[in-house]
There are 2 protein chains.
Amino acid sequence: MTSVPQHSCSNCSMREICLPMGVGKQDIDRLENLVQNSKIHHQNDVVIRQDDAFHTLYAVKSGMYKSVKLNSDGEEYVVGFHLPGEIIGLDAIYPEVYTSSLIALTNSVLCQLDYEQLVTLSASIAPLQHQLMRLSSKEINTTQAFQSTQTAEQKLASFIHNLAIRNEVRGFSATELHLAMTRQDIANHLGMAAETVSRLLKQFQGRDVLDIKHREMSILDPAGLLLLTGCAHS
Amino acid sequence: MTSVPQHSCSNCSMREICLPMGVGKQDIDRLENLVQNSKIHHQNDVVIRQDDAFHTLYAVKSGMYKSVKLNSDGEEYVVGFHLPGEIIGLDAIYPEVYTSSLIALTNSVLCQLDYEQLVTLSASIAPLQHQLMRLSSKEINTTQAFQSTQTAEQKLASFIHNLAIRNEVRGFSATELHLAMTRQDIANHLGMAAETVSRLLKQFQGRDVLDIKHREMSILDPAGLLLLTGCAHS
DNA sequence: CGATCAATTGATAGAGGTCAAGACGCGTGG
DNA sequence: CCACGCGTCTTGACCTCTATCAATTGATCG
């Protein structure tokens, strides 16, 4: 893990979906001053440890991270995966400790923001305050989106579709995905066995919905994939 | 559904867990002015319709509500249940429409807050701003708490335990619960069949963990219930 | 006091978990 | 450049949990 000089929000390709969204030119430098040195991580680096005191929010600049929660039995649960432009740590505000550990899935970069400073600043920059609330709200939605009596097939299809959409929003391909996580991570996240993920992916290939080689996925039939999800997602 | 004169936050028994938490005496009347007429609902009243434009947040004053999401196939999913002091609608900020319908499970009362006014006010009352973020953060936690490979038994035990804790925090009994919702609602919320809920409740009774008559539940062995959850919850 | 909805109980079947073995890919070092 | 070893992924066989279907009982309300 290495610290590098401050990056600027104004030059960041994620500024339109990240915290600066809606913040005017005259205010964006006040936000930039708040962004501390970015940190470069390598695969499997542990960035946040669960139960550590919360002081800073993180924004993904590049790469991919996963959040992992350990329960009292030592079993772990993969809460989710984080793409560029996403804010990490909003769930830690209430308990004042991080509720999960954060691990880099590939070479990645994070921006750091002191939470107290950010809240203080947002009181005088209305668009920043709104964006903070919007991002929190979005987080509530994404976490409550799944659940219900879905089959394993629907869950996995929804997961892939969701990844594709998030990729597209970020200006990446909506059909060519690199899976930085293991099958086991996906399975755990969706609450199923890794074997089931493997079998279903093979099945999706057989129906020409997608093509997978190792960690590289091509979505051949986006409409077919949407059908497999069982319902339209946002 | 009836409108009644404004209720005051300062006299409300939920002020220490609801929005006013931490707000000083001199500021609390500014918050009260923002609270519009409370609304009284009866069982099965539909308060919010999914996809309606979002403008106001709600706070439960008394009773119980459920949030229900309809997907494109017409299947419904019970997102959650709302107790006094809880804020409803935070998930609607980002999409700017309500993402689920809100239905009263019993005779209940709601406070209404205009979201734009609340945000504006919070910019000049730091404790209010903090509480808004805290409540959003809490919501993220509760929605992401479940999931993972839990058995039906663990899920149901966790649900009951969670209800008991929330009851206790509100100054109600931690062992005597009134279930305002149907078994089907519980089952749907937990992603299982109503028959499974029925069978498990009977099983919990057989092990003397709890006692149920109709909708009235007594938790006889809180420690035993916690064991059934499979892990310690907050 | 029937009518209706909620809850229980039993029987059956299937989705998916678990266990076990093997294949594949990748990095390391000889 | 190839061989080895480790971790990931795949594939198969089996079995369990829980959904589903169906029938009955119980509660609530006009």
# chains A, B, ... in the order shown; residues from 1 in each chain; ligands from 1
$ interface_residues --of "chain B" --to "chain D" --cutoff "12 Å" --atoms "only C-alpha atoms (C1' of nucleotides)" --output "ChimeraX atom specification"
/B:150-153,187,191-197,199-200,213-215
$ calpha_fit_and_write --fixed "chain A" --moving "chain B" --output "PDB file with C-alpha atoms, in the first residue's frame"
ATOM      1  CA  MET B   1      -0.028   0.010  -0.037  1.00  0.00           C
ATOM      2  CA  THR B   2       1.429   3.348  -1.086  1.00  0.00           C
ATOM      3  CA  SER B   3       0.414   6.961  -0.648  1.00  0.00           C
ATOM      4  CA  VAL B   4       0.534   9.162  -3.708  1.00  0.00           C
ATOM      5  CA  PRO B   5       0.064  12.914  -4.134  1.00  0.00           C
ATOM      6  CA  GLN B   6      -3.442  14.288  -4.016  1.00  0.00           C
ATOM      7  CA  HIS B   7      -5.612  13.585  -7.007  1.00  0.00           C
ATOM      8  CA  SER B   8      -7.981  16.250  -8.177  1.00  0.00           C
ATOM      9  CA  CYS B   9     -11.732  15.696  -8.361  1.00  0.00           C
ATOM     10  CA  SER B  10     -12.016  18.083 -11.308  1.00  0.00           C
ATOM     11  CA  ASN B  11      -9.827  15.808 -13.427  1.00  0.00           C
ATOM     12  CA  CYS B  12     -11.376  12.565 -12.207  1.00  0.00           C
ATOM     13  CA  SER B  13     -13.436  10.632 -14.735  1.00  0.00           C
ATOM     14  CA  MET B  14     -15.828   9.592 -11.963  1.00  0.00           C
ATOM     15  CA  ARG B  15     -16.734  13.127 -10.834  1.00  0.00           C
ATOM     16  CA  GLU B  16     -20.197  12.956 -12.373  1.00  0.00           C
ATOM     17  CA  ILE B  17     -21.295   9.942 -10.350  1.00  0.00           C
ATOM     18  CA  CYS B  18     -19.140  10.437  -7.244  1.00  0.00           C
ATOM     19  CA  LEU B  19     -19.405  13.040  -4.487  1.00  0.00           C
ATOM     20  CA  PRO B  20     -18.688  16.092  -6.682  1.00  0.00           C
ATOM     21  CA  MET B  21     -21.851  15.550  -8.731  1.00  0.00           C
ATOM     22  CA  GLY B  22     -23.681  18.862  -8.957  1.00  0.00           C
ATOM     23  CA  VAL B  23     -21.016  20.805  -7.062  1.00  0.00           C
ATOM     24  CA  GLY B  24     -20.115  24.011  -8.924  1.00  0.00           C
ATOM     25  CA  LYS B  25     -16.659  24.934 -10.186  1.00  0.00           C
ATOM     26  CA  GLN B  26     -16.146  27.506  -7.469  1.00  0.00           C
ATOM     27  CA  ASP B  27     -16.814  24.964  -4.710  1.00  0.00           C
ATOM     28  CA  ILE B  28     -15.088  21.903  -6.100  1.00  0.00           C
ATOM     29  CA  ASP B  29     -11.636  23.027  -4.940  1.00  0.00           C
ATOM     30  CA  ARG B  30     -12.927  23.235  -1.365  1.00  0.00           C
ATOM     31  CA  LEU B  31     -13.948  19.597  -1.733  1.00  0.00           C
ATOM     32  CA  GLU B  32     -10.595  18.705  -3.288  1.00  0.00           C
ATOM     33  CA  ASN B  33      -8.724  20.192  -0.335  1.00  0.00           C
ATOM     34  CA  LEU B  34     -10.589  17.746   1.839  1.00  0.00           C
ATOM     35  CA  VAL B  35      -9.560  14.705  -0.197  1.00  0.00           C
ATOM     36  CA  GLN B  36      -6.469  13.288   1.428  1.00  0.00           C
ATOM     37  CA  ASN B  37      -3.674  11.400  -0.265  1.00  0.00           C
ATOM     38  CA  SER B  38      -4.970   8.582  -2.399  1.00  0.00           C
ATOM     39  CA  LYS B  39      -3.844   5.089  -1.564  1.00  0.00           C
ATOM     40  CA  ILE B  40      -2.714   2.454  -4.024  1.00  0.00           C
ATOM     41  CA  HIS B  41      -3.536  -1.142  -3.141  1.00  0.00           C
ATOM     42  CA  HIS B  42      -2.598  -4.530  -4.515  1.00  0.00           C
ATOM     43  CA  GLN B  43      -4.675  -7.684  -4.713  1.00  0.00           C
ATOM     44  CA  ASN B  44      -5.726  -8.983  -1.272  1.00  0.00           C
ATOM     45  CA  ASP B  45      -4.598  -5.855   0.595  1.00  0.00           C
ATOM     46  CA  VAL B  46      -6.780  -5.285   3.646  1.00  0.00           C
ATOM     47  CA  VAL B  47      -7.786  -1.617   3.631  1.00  0.00           C
ATOM     48  CA  ILE B  48     -10.306  -1.475   6.466  1.00  0.00           C
ATOM     49  CA  ARG B  49     -10.613  -3.851   9.370  1.00  0.00           C
ATOM     50  CA  GLN B  50     -14.086  -4.587  10.708  1.00  0.00           C
ATOM     51  CA  ASP B  51     -14.779  -2.967  14.117  1.00  0.00           C
ATOM     52  CA  ASP B  52     -12.077  -0.300  13.702  1.00  0.00           C
ATOM     53  CA  ALA B  53     -13.166   3.211  14.687  1.00  0.00           C
ATOM     54  CA  PHE B  54     -14.856   5.111  11.865  1.00  0.00           C
ATOM     55  CA  HIS B  55     -13.493   8.497  10.842  1.00  0.00           C
ATOM     56  CA  THR B  56     -13.107   8.483   7.069  1.00  0.00           C
ATOM     57  CA  LEU B  57     -15.198   7.688   4.039  1.00  0.00           C
ATOM     58  CA  TYR B  58     -13.535   6.234   0.951  1.00  0.00           C
ATOM     59  CA  ALA B  59     -14.244   6.662  -2.741  1.00  0.00           C
ATOM     60  CA  VAL B  60     -13.042   4.107  -5.266  1.00  0.00           C
ATOM     61  CA  LYS B  61     -10.911   5.786  -7.928  1.00  0.00           C
ATOM     62  CA  SER B  62      -9.998   2.669  -9.902  1.00  0.00           C
ATOM     63  CA  GLY B  63     -10.029  -1.103  -9.555  1.00  0.00           C
ATOM     64  CA  MET B  64     -12.394  -3.139  -7.388  1.00  0.00           C
ATOM     65  CA  TYR B  65     -12.847  -3.888  -3.697  1.00  0.00           C
ATOM     66  CA  LYS B  66     -15.038  -6.249  -1.671  1.00  0.00           C
ATOM     67  CA  SER B  67     -16.633  -5.754   1.739  1.00  0.00           C
ATOM     68  CA  VAL B  68     -16.537  -8.777   4.011  1.00  0.00           C
ATOM     69  CA  LYS B  69     -18.385  -9.189   7.282  1.00  0.00           C
ATOM     70  CA  LEU B  70     -17.320 -11.738   9.901  1.00  0.00           C
ATOM     71  CA  ASN B  71     -19.940 -12.977  12.341  1.00  0.00           C
ATOM     72  CA  SER B  72     -19.285 -14.262  15.836  1.00  0.00           C
ATOM     73  CA  ASP B  73     -18.949 -17.847  14.577  1.00  0.00           C
ATOM     74  CA  GLY B  74     -16.075 -16.902  12.306  1.00  0.00           C
ATOM     75  CA  GLU B  75     -18.173 -17.386   9.187  1.00  0.00           C
ATOM     76  CA  GLU B  76     -17.712 -14.686   6.611  1.00  0.00           C
ATOM     77  CA  TYR B  77     -20.248 -12.964   4.432  1.00  0.00           C
ATOM     78  CA  VAL B  78     -19.388 -10.974   1.310  1.00  0.00           C
ATOM     79  CA  VAL B  79     -21.559  -7.868   1.644  1.00  0.00           C
ATOM     80  CA  GLY B  80     -20.756  -6.466  -1.780  1.00  0.00           C
ATOM     81  CA  PHE B  81     -18.315  -5.315  -4.425  1.00  0.00           C
ATOM     82  CA  HIS B  82     -17.251  -1.721  -5.024  1.00  0.00           C
ATOM     83  CA  LEU B  83     -16.598  -0.129  -8.421  1.00  0.00           C
ATOM     84  CA  PRO B  84     -14.977   3.218  -9.281  1.00  0.00           C
ATOM     85  CA  GLY B  85     -16.986   6.238  -8.147  1.00  0.00           C
ATOM     86  CA  GLU B  86     -18.665   4.374  -5.276  1.00  0.00           C
ATOM     87  CA  ILE B  87     -18.488   5.630  -1.692  1.00  0.00           C
ATOM     88  CA  ILE B  88     -17.492   3.186   1.029  1.00  0.00           C
ATOM     89  CA  GLY B  89     -18.228   3.557   4.735  1.00  0.00           C
ATOM     90  CA  LEU B  90     -21.678   5.163   4.838  1.00  0.00           C
ATOM     91  CA  ASP B  91     -22.930   2.200   6.849  1.00  0.00           C
ATOM     92  CA  ALA B  92     -20.277   2.941   9.524  1.00  0.00           C
ATOM     93  CA  ILE B  93     -21.629   6.402  10.397  1.00  0.00           C
ATOM     94  CA  TYR B  94     -24.310   5.121  12.756  1.00  0.00           C
ATOM     95  CA  PRO B  95     -22.321   2.519  14.726  1.00  0.00           C
ATOM     96  CA  GLU B  96     -19.133   4.672  14.526  1.00  0.00           C
ATOM     97  CA  VAL B  97     -17.104   1.570  13.654  1.00  0.00           C
ATOM     98  CA  TYR B  98     -16.674  -0.102  10.287  1.00  0.00           C
ATOM     99  CA  THR B  99     -19.167  -2.940  10.009  1.00  0.00           C
ATOM    100  CA  SER B 100     -17.093  -4.932   7.524  1.00  0.00           C
ATOM    101  CA  SER B 101     -13.545  -5.336   6.295  1.00  0.00           C
ATOM    102  CA  LEU B 102     -12.498  -3.920   2.948  1.00  0.00           C
ATOM    103  CA  ILE B 103     -10.217  -5.924   0.675  1.00  0.00           C
ATOM    104  CA  ALA B 104      -8.744  -5.002  -2.706  1.00  0.00           C
ATOM    105  CA  LEU B 105      -9.642  -7.543  -5.418  1.00  0.00           C
ATOM    106  CA  THR B 106      -7.094  -6.181  -7.867  1.00  0.00           C
ATOM    107  CA  ASN B 107      -4.666  -3.280  -8.104  1.00  0.00           C
ATOM    108  CA  SER B 108      -6.851  -0.369  -7.079  1.00  0.00           C
ATOM    109  CA  VAL B 109      -6.829   3.226  -5.846  1.00  0.00           C
ATOM    110  CA  LEU B 110      -8.944   4.836  -3.115  1.00  0.00           C
ATOM    111  CA  CYS B 111      -9.593   8.485  -2.207  1.00  0.00           C
ATOM    112  CA  GLN B 112      -9.951   9.295   1.488  1.00  0.00           C
ATOM    113  CA  LEU B 113     -12.366  11.830   3.003  1.00  0.00           C
ATOM    114  CA  ASP B 114     -12.558  12.836   6.645  1.00  0.00           C
ATOM    115  CA  TYR B 115     -16.228  12.401   7.547  1.00  0.00           C
ATOM    116  CA  GLU B 116     -16.520  15.246  10.084  1.00  0.00           C
ATOM    117  CA  GLN B 117     -14.897  17.710   7.703  1.00  0.00           C
ATOM    118  CA  LEU B 118     -17.101  16.530   4.861  1.00  0.00           C
ATOM    119  CA  VAL B 119     -20.288  17.034   6.863  1.00  0.00           C
ATOM    120  CA  THR B 120     -19.156  20.475   8.002  1.00  0.00           C
ATOM    121  CA  LEU B 121     -18.317  21.457   4.441  1.00  0.00           C
ATOM    122  CA  SER B 122     -21.618  20.108   3.138  1.00  0.00           C
ATOM    123  CA  ALA B 123     -23.525  22.486   5.441  1.00  0.00           C
ATOM    124  CA  SER B 124     -22.256  25.362   3.307  1.00  0.00           C
ATOM    125  CA  ILE B 125     -22.425  23.612  -0.104  1.00  0.00           C
ATOM    126  CA  ALA B 126     -26.026  22.585  -0.723  1.00  0.00           C
ATOM    127  CA  PRO B 127     -25.310  20.371  -3.770  1.00  0.00           C
ATOM    128  CA  LEU B 128     -22.737  18.446  -1.744  1.00  0.00           C
ATOM    129  CA  GLN B 129     -25.218  17.926   1.082  1.00  0.00           C
ATOM    130  CA  HIS B 130     -27.805  16.695  -1.401  1.00  0.00           C
ATOM    131  CA  GLN B 131     -25.346  14.342  -3.050  1.00  0.00           C
ATOM    132  CA  LEU B 132     -24.390  12.862   0.329  1.00  0.00           C
ATOM    133  CA  MET B 133     -28.045  12.123   1.022  1.00  0.00           C
ATOM    134  CA  ARG B 134     -28.571  10.814  -2.501  1.00  0.00           C
ATOM    135  CA  LEU B 135     -25.643   8.422  -2.189  1.00  0.00           C
ATOM    136  CA  SER B 136     -26.854   7.185   1.204  1.00  0.00           C
ATOM    137  CA  SER B 137     -30.308   6.687  -0.246  1.00  0.00           C
ATOM    138  CA  LYS B 138     -28.895   4.776  -3.203  1.00  0.00           C
ATOM    139  CA  GLU B 139     -27.018   2.507  -0.821  1.00  0.00           C
ATOM    140  CA  ILE B 140     -30.252   1.686   1.013  1.00  0.00           C
ATOM    141  CA  ASN B 141     -31.842   0.740  -2.288  1.00  0.00           C
ATOM    142  CA  THR B 142     -29.058  -1.515  -3.493  1.00  0.00           C
ATOM    143  CA  THR B 143     -28.930  -3.427  -0.216  1.00  0.00           C
ATOM    144  CA  GLN B 144     -32.687  -3.956  -0.051  1.00  0.00           C
ATOM    145  CA  ALA B 145     -33.048  -4.766  -3.759  1.00  0.00           C
ATOM    146  CA  PHE B 146     -32.467  -8.517  -3.532  1.00  0.00           C
ATOM    147  CA  GLN B 147     -34.006 -10.936  -1.013  1.00  0.00           C
ATOM    148  CA  SER B 148     -37.456 -12.484  -1.534  1.00  0.00           C
ATOM    149  CA  THR B 149     -38.031 -15.978  -2.827  1.00  0.00           C
ATOM    150  CA  GLN B 150     -35.724 -15.916  -5.802  1.00  0.00           C
ATOM    151  CA  THR B 151     -34.180 -19.035  -7.304  1.00  0.00           C
ATOM    152  CA  ALA B 152     -30.411 -19.341  -7.538  1.00  0.00           C
ATOM    153  CA  GLU B 153     -30.709 -18.779 -11.283  1.00  0.00           C
ATOM    154  CA  GLN B 154     -32.577 -15.489 -10.820  1.00  0.00           C
ATOM    155  CA  LYS B 155     -30.142 -14.290  -8.195  1.00  0.00           C
ATOM    156  CA  LEU B 156     -27.086 -14.975 -10.326  1.00  0.00           C
ATOM    157  CA  ALA B 157     -28.646 -13.452 -13.446  1.00  0.00           C
ATOM    158  CA  SER B 158     -29.594 -10.354 -11.438  1.00  0.00           C
ATOM    159  CA  PHE B 159     -26.079 -10.098 -10.083  1.00  0.00           C
ATOM    160  CA  ILE B 160     -24.486 -10.223 -13.538  1.00  0.00           C
ATOM    161  CA  HIS B 161     -27.029  -7.820 -14.967  1.00  0.00           C
ATOM    162  CA  ASN B 162     -26.413  -5.413 -12.093  1.00  0.00           C
ATOM    163  CA  LEU B 163     -22.656  -5.580 -12.654  1.00  0.00           C
ATOM    164  CA  ALA B 164     -23.104  -4.894 -16.355  1.00  0.00           C
ATOM    165  CA  ILE B 165     -25.281  -1.836 -15.723  1.00  0.00           C
ATOM    166  CA  ARG B 166     -22.848  -0.442 -13.165  1.00  0.00           C
ATOM    167  CA  ASN B 167     -20.029  -0.962 -15.659  1.00  0.00           C
ATOM    168  CA  GLU B 168     -21.943   0.856 -18.358  1.00  0.00           C
ATOM    169  CA  VAL B 169     -22.757   3.841 -16.118  1.00  0.00           C
ATOM    170  CA  ARG B 170     -19.006   4.233 -15.538  1.00  0.00           C
ATOM    171  CA  GLY B 171     -18.297   4.419 -19.237  1.00  0.00           C
ATOM    172  CA  PHE B 172     -17.007   0.845 -19.421  1.00  0.00           C
ATOM    173  CA  SER B 173     -18.456  -1.937 -21.534  1.00  0.00           C
ATOM    174  CA  ALA B 174     -21.924  -3.228 -20.712  1.00  0.00           C
ATOM    175  CA  THR B 175     -21.187  -6.619 -22.276  1.00  0.00           C
ATOM    176  CA  GLU B 176     -17.525  -7.351 -21.567  1.00  0.00           C
ATOM    177  CA  LEU B 177     -16.927  -7.821 -17.839  1.00  0.00           C
ATOM    178  CA  HIS B 178     -13.825  -8.759 -15.934  1.00  0.00           C
ATOM    179  CA  LEU B 179     -14.725 -10.675 -12.769  1.00  0.00           C
ATOM    180  CA  ALA B 180     -12.123  -9.607 -10.248  1.00  0.00           C
ATOM    181  CA  MET B 181     -13.704 -11.832  -7.579  1.00  0.00           C
ATOM    182  CA  THR B 182     -13.689 -15.624  -7.202  1.00  0.00           C
ATOM    183  CA  ARG B 183     -16.712 -17.812  -7.842  1.00  0.00           C
ATOM    184  CA  GLN B 184     -16.722 -18.442  -4.109  1.00  0.00           C
ATOM    185  CA  ASP B 185     -17.030 -14.701  -3.429  1.00  0.00           C
ATOM    186  CA  ILE B 186     -19.972 -14.451  -5.821  1.00  0.00           C
ATOM    187  CA  ALA B 187     -21.601 -17.526  -4.281  1.00  0.00           C
ATOM    188  CA  ASN B 188     -21.143 -16.277  -0.739  1.00  0.00           C
ATOM    189  CA  HIS B 189     -22.500 -12.847  -1.661  1.00  0.00           C
ATOM    190  CA  LEU B 190     -25.612 -14.410  -3.189  1.00  0.00           C
ATOM    191  CA  GLY B 191     -26.075 -16.963  -0.420  1.00  0.00           C
ATOM    192  CA  MET B 192     -25.417 -20.096  -2.451  1.00  0.00           C
ATOM    193  CA  ALA B 193     -22.692 -22.703  -2.994  1.00  0.00           C
ATOM    194  CA  ALA B 194     -19.770 -22.046  -5.314  1.00  0.00           C
ATOM    195  CA  GLU B 195     -20.653 -25.243  -7.175  1.00  0.00           C
ATOM    196  CA  THR B 196     -24.078 -23.827  -7.950  1.00  0.00           C
ATOM    197  CA  VAL B 197     -22.509 -20.692  -9.436  1.00  0.00           C
ATOM    198  CA  SER B 198     -20.273 -22.856 -11.578  1.00  0.00           C
ATOM    199  CA  ARG B 199     -23.120 -25.023 -12.816  1.00  0.00           C
ATOM    200  CA  LEU B 200     -25.387 -22.056 -13.554  1.00  0.00           C
ATOM    201  CA  LEU B 201     -22.691 -20.190 -15.468  1.00  0.00           C
ATOM    202  CA  LYS B 202     -22.174 -23.262 -17.608  1.00  0.00           C
ATOM    203  CA  GLN B 203     -25.922 -23.449 -18.157  1.00  0.00           C
ATOM    204  CA  PHE B 204     -26.064 -19.758 -19.158  1.00  0.00           C
ATOM    205  CA  GLN B 205     -23.299 -20.493 -21.657  1.00  0.00           C
ATOM    206  CA  GLY B 206     -25.189 -23.467 -23.042  1.00  0.00           C
ATOM    207  CA  ARG B 207     -28.191 -21.219 -23.703  1.00  0.00           C
ATOM    208  CA  ASP B 208     -25.919 -18.693 -25.459  1.00  0.00           C
ATOM    209  CA  VAL B 209     -26.786 -15.983 -22.958  1.00  0.00           C
ATOM    210  CA  LEU B 210     -23.138 -15.418 -22.166  1.00  0.00           C
ATOM    211  CA  ASP B 211     -19.639 -16.698 -22.684  1.00  0.00           C
ATOM    212  CA  ILE B 212     -17.048 -17.113 -19.929  1.00  0.00           C
ATOM    213  CA  LYS B 213     -13.373 -17.915 -20.048  1.00  0.00           C
ATOM    214  CA  HIS B 214     -11.864 -17.889 -16.579  1.00  0.00           C
ATOM    215  CA  ARG B 215     -12.649 -14.419 -15.258  1.00  0.00           C
ATOM    216  CA  GLU B 216     -13.586 -12.792 -18.574  1.00  0.00           C
ATOM    217  CA  MET B 217     -17.294 -12.668 -19.324  1.00  0.00           C
ATOM    218  CA  SER B 218     -19.090 -11.653 -22.527  1.00  0.00           C
ATOM    219  CA  ILE B 219     -22.807 -11.070 -22.354  1.00  0.00           C
ATOM    220  CA  LEU B 220     -24.068 -12.364 -25.690  1.00  0.00           C
ATOM    221  CA  ASP B 221     -27.795 -11.880 -25.108  1.00  0.00           C
ATOM    222  CA  PRO B 222     -28.574  -9.003 -22.673  1.00  0.00           C
ATOM    223  CA  ALA B 223     -32.326  -9.414 -23.217  1.00  0.00           C
ATOM    224  CA  GLY B 224     -32.090 -13.118 -22.463  1.00  0.00           C
ATOM    225  CA  LEU B 225     -30.157 -12.342 -19.305  1.00  0.00           C
ATOM    226  CA  LEU B 226     -32.839  -9.910 -18.200  1.00  0.00           C
ATOM    227  CA  LEU B 227     -35.445 -12.620 -18.729  1.00  0.00           C
ATOM    228  CA  LEU B 228     -33.471 -14.952 -16.481  1.00  0.00           C
ATOM    229  CA  THR B 229     -33.555 -12.383 -13.653  1.00  0.00           C
ATOM    230  CA  GLY B 230     -37.308 -12.878 -13.424  1.00  0.00           C
ATOM    231  CA  CYS B 231     -38.023  -9.164 -13.255  1.00  0.00           C
ATOM    232  CA  ALA B 232     -36.799  -5.799 -14.463  1.00  0.00           C
ATOM    233  CA  HIS B 233     -34.164  -4.196 -12.268  1.00  0.00           C
ATOM    234  CA  SER B 234     -33.014  -0.603 -12.261  1.00  0.00           C
TER     235      SER B 234
END
$ interface_residues --of "chain C" --to "chain A" --cutoff "12 Å" --atoms "only C-alpha atoms (C1' of nucleotides)" --output "mmCIF file with C-alpha atoms (C1' of nucleotides), in the first residue's frame"
data_model
loop_
_atom_site.group_PDB
_atom_site.id
_atom_site.type_symbol
_atom_site.label_atom_id
_atom_site.label_comp_id
_atom_site.auth_asym_id
_atom_site.auth_seq_id
_atom_site.Cartn_x
_atom_site.Cartn_y
_atom_site.Cartn_z
ATOM 1 C "C1'" DA C 15 -33.945 -27.153 -5.806
ATOM 2 C "C1'" DG C 16 -29.792 -26.693 -4.207
ATOM 3 C "C1'" DG C 17 -26.310 -27.878 -0.416
ATOM 4 C "C1'" DT C 18 -22.611 -30.983 0.788
ATOM 5 C "C1'" DC C 19 -18.961 -34.154 0.040
ATOM 6 C "C1'" DC C 24 -7.360 -26.422 -15.121
ATOM 7 C "C1'" DG C 25 -4.507 -22.174 -14.715
ATOM 8 C "C1'" DC C 26 -0.812 -19.774 -12.859
#
$ select_by_dssp --residues "stretch 31-226 of chain A" --states "strand (DSSP E or B)" --output "VMD selection string"
chain A and resid 35 to 41 46 to 48 53 56 to 62 65 to 70 76 to 82 87 to 88 97 101 to 104 108 to 114 176 to 178 210 to 213 216 to 219
$ select_by_dssp --residues "stretch 23-152 of chain B" --states "alpha helix (DSSP H)" --output "PyMOL selection string"
chain B and resi 25-34+115-122+126-145+152
$ write_last_selection --atoms "C-alpha atoms" --output "compact mmCIF listing (two decimals), in the first residue's frame"
# COMPACT_ATOMS: atom_id res chain seq x y z
CA LYS B 25 -34.16 23.08 23.03
CA GLN B 26 -33.72 26.32 21.14
CA ASP B 27 -33.77 24.55 17.77
CA ILE B 28 -36.43 21.93 18.35
CA ASP B 29 -39.30 24.36 17.71
CA ARG B 30 -37.85 25.12 14.27
CA LEU B 31 -38.05 21.39 13.58
CA GLU B 32 -41.58 21.21 14.99
CA ASN B 33 -42.76 23.95 12.65
CA LEU B 34 -41.67 21.73 9.80
CA TYR B 115 -37.76 16.66 2.60
CA GLU B 116 -36.48 19.84 0.92
CA GLN B 117 -37.34 21.95 3.95
CA LEU B 118 -35.75 19.40 6.26
CA VAL B 119 -32.48 19.41 4.32
CA THR B 120 -32.42 23.20 4.22
CA LEU B 121 -33.06 23.39 7.95
CA SER B 122 -30.41 20.77 8.68
CA ALA B 126 -25.61 20.58 12.85
CA PRO B 127 -27.12 17.96 15.21
CA LEU B 128 -30.08 17.57 12.86
CA GLN B 129 -27.77 17.09 9.89
CA HIS B 130 -25.81 14.48 11.82
CA GLN B 131 -28.96 12.66 12.88
CA LEU B 132 -30.19 12.54 9.27
CA MET B 133 -26.92 10.91 8.23
CA ARG B 134 -26.99 8.59 11.24
CA LEU B 135 -30.51 7.42 10.43
CA SER B 136 -29.60 6.84 6.77
CA SER B 137 -26.55 4.91 7.87
CA LYS B 138 -28.62 2.81 10.26
CA GLU B 139 -31.01 1.98 7.44
CA ILE B 140 -28.12 0.72 5.30
CA ASN B 141 -27.05 -1.54 8.14
CA THR B 142 -30.46 -3.04 8.82
CA THR B 143 -31.04 -3.85 5.15
CA GLN B 144 -27.64 -5.46 4.67
CA ALA B 145 -27.71 -7.33 8.00
CA ALA B 152 -34.96 -20.78 7.79
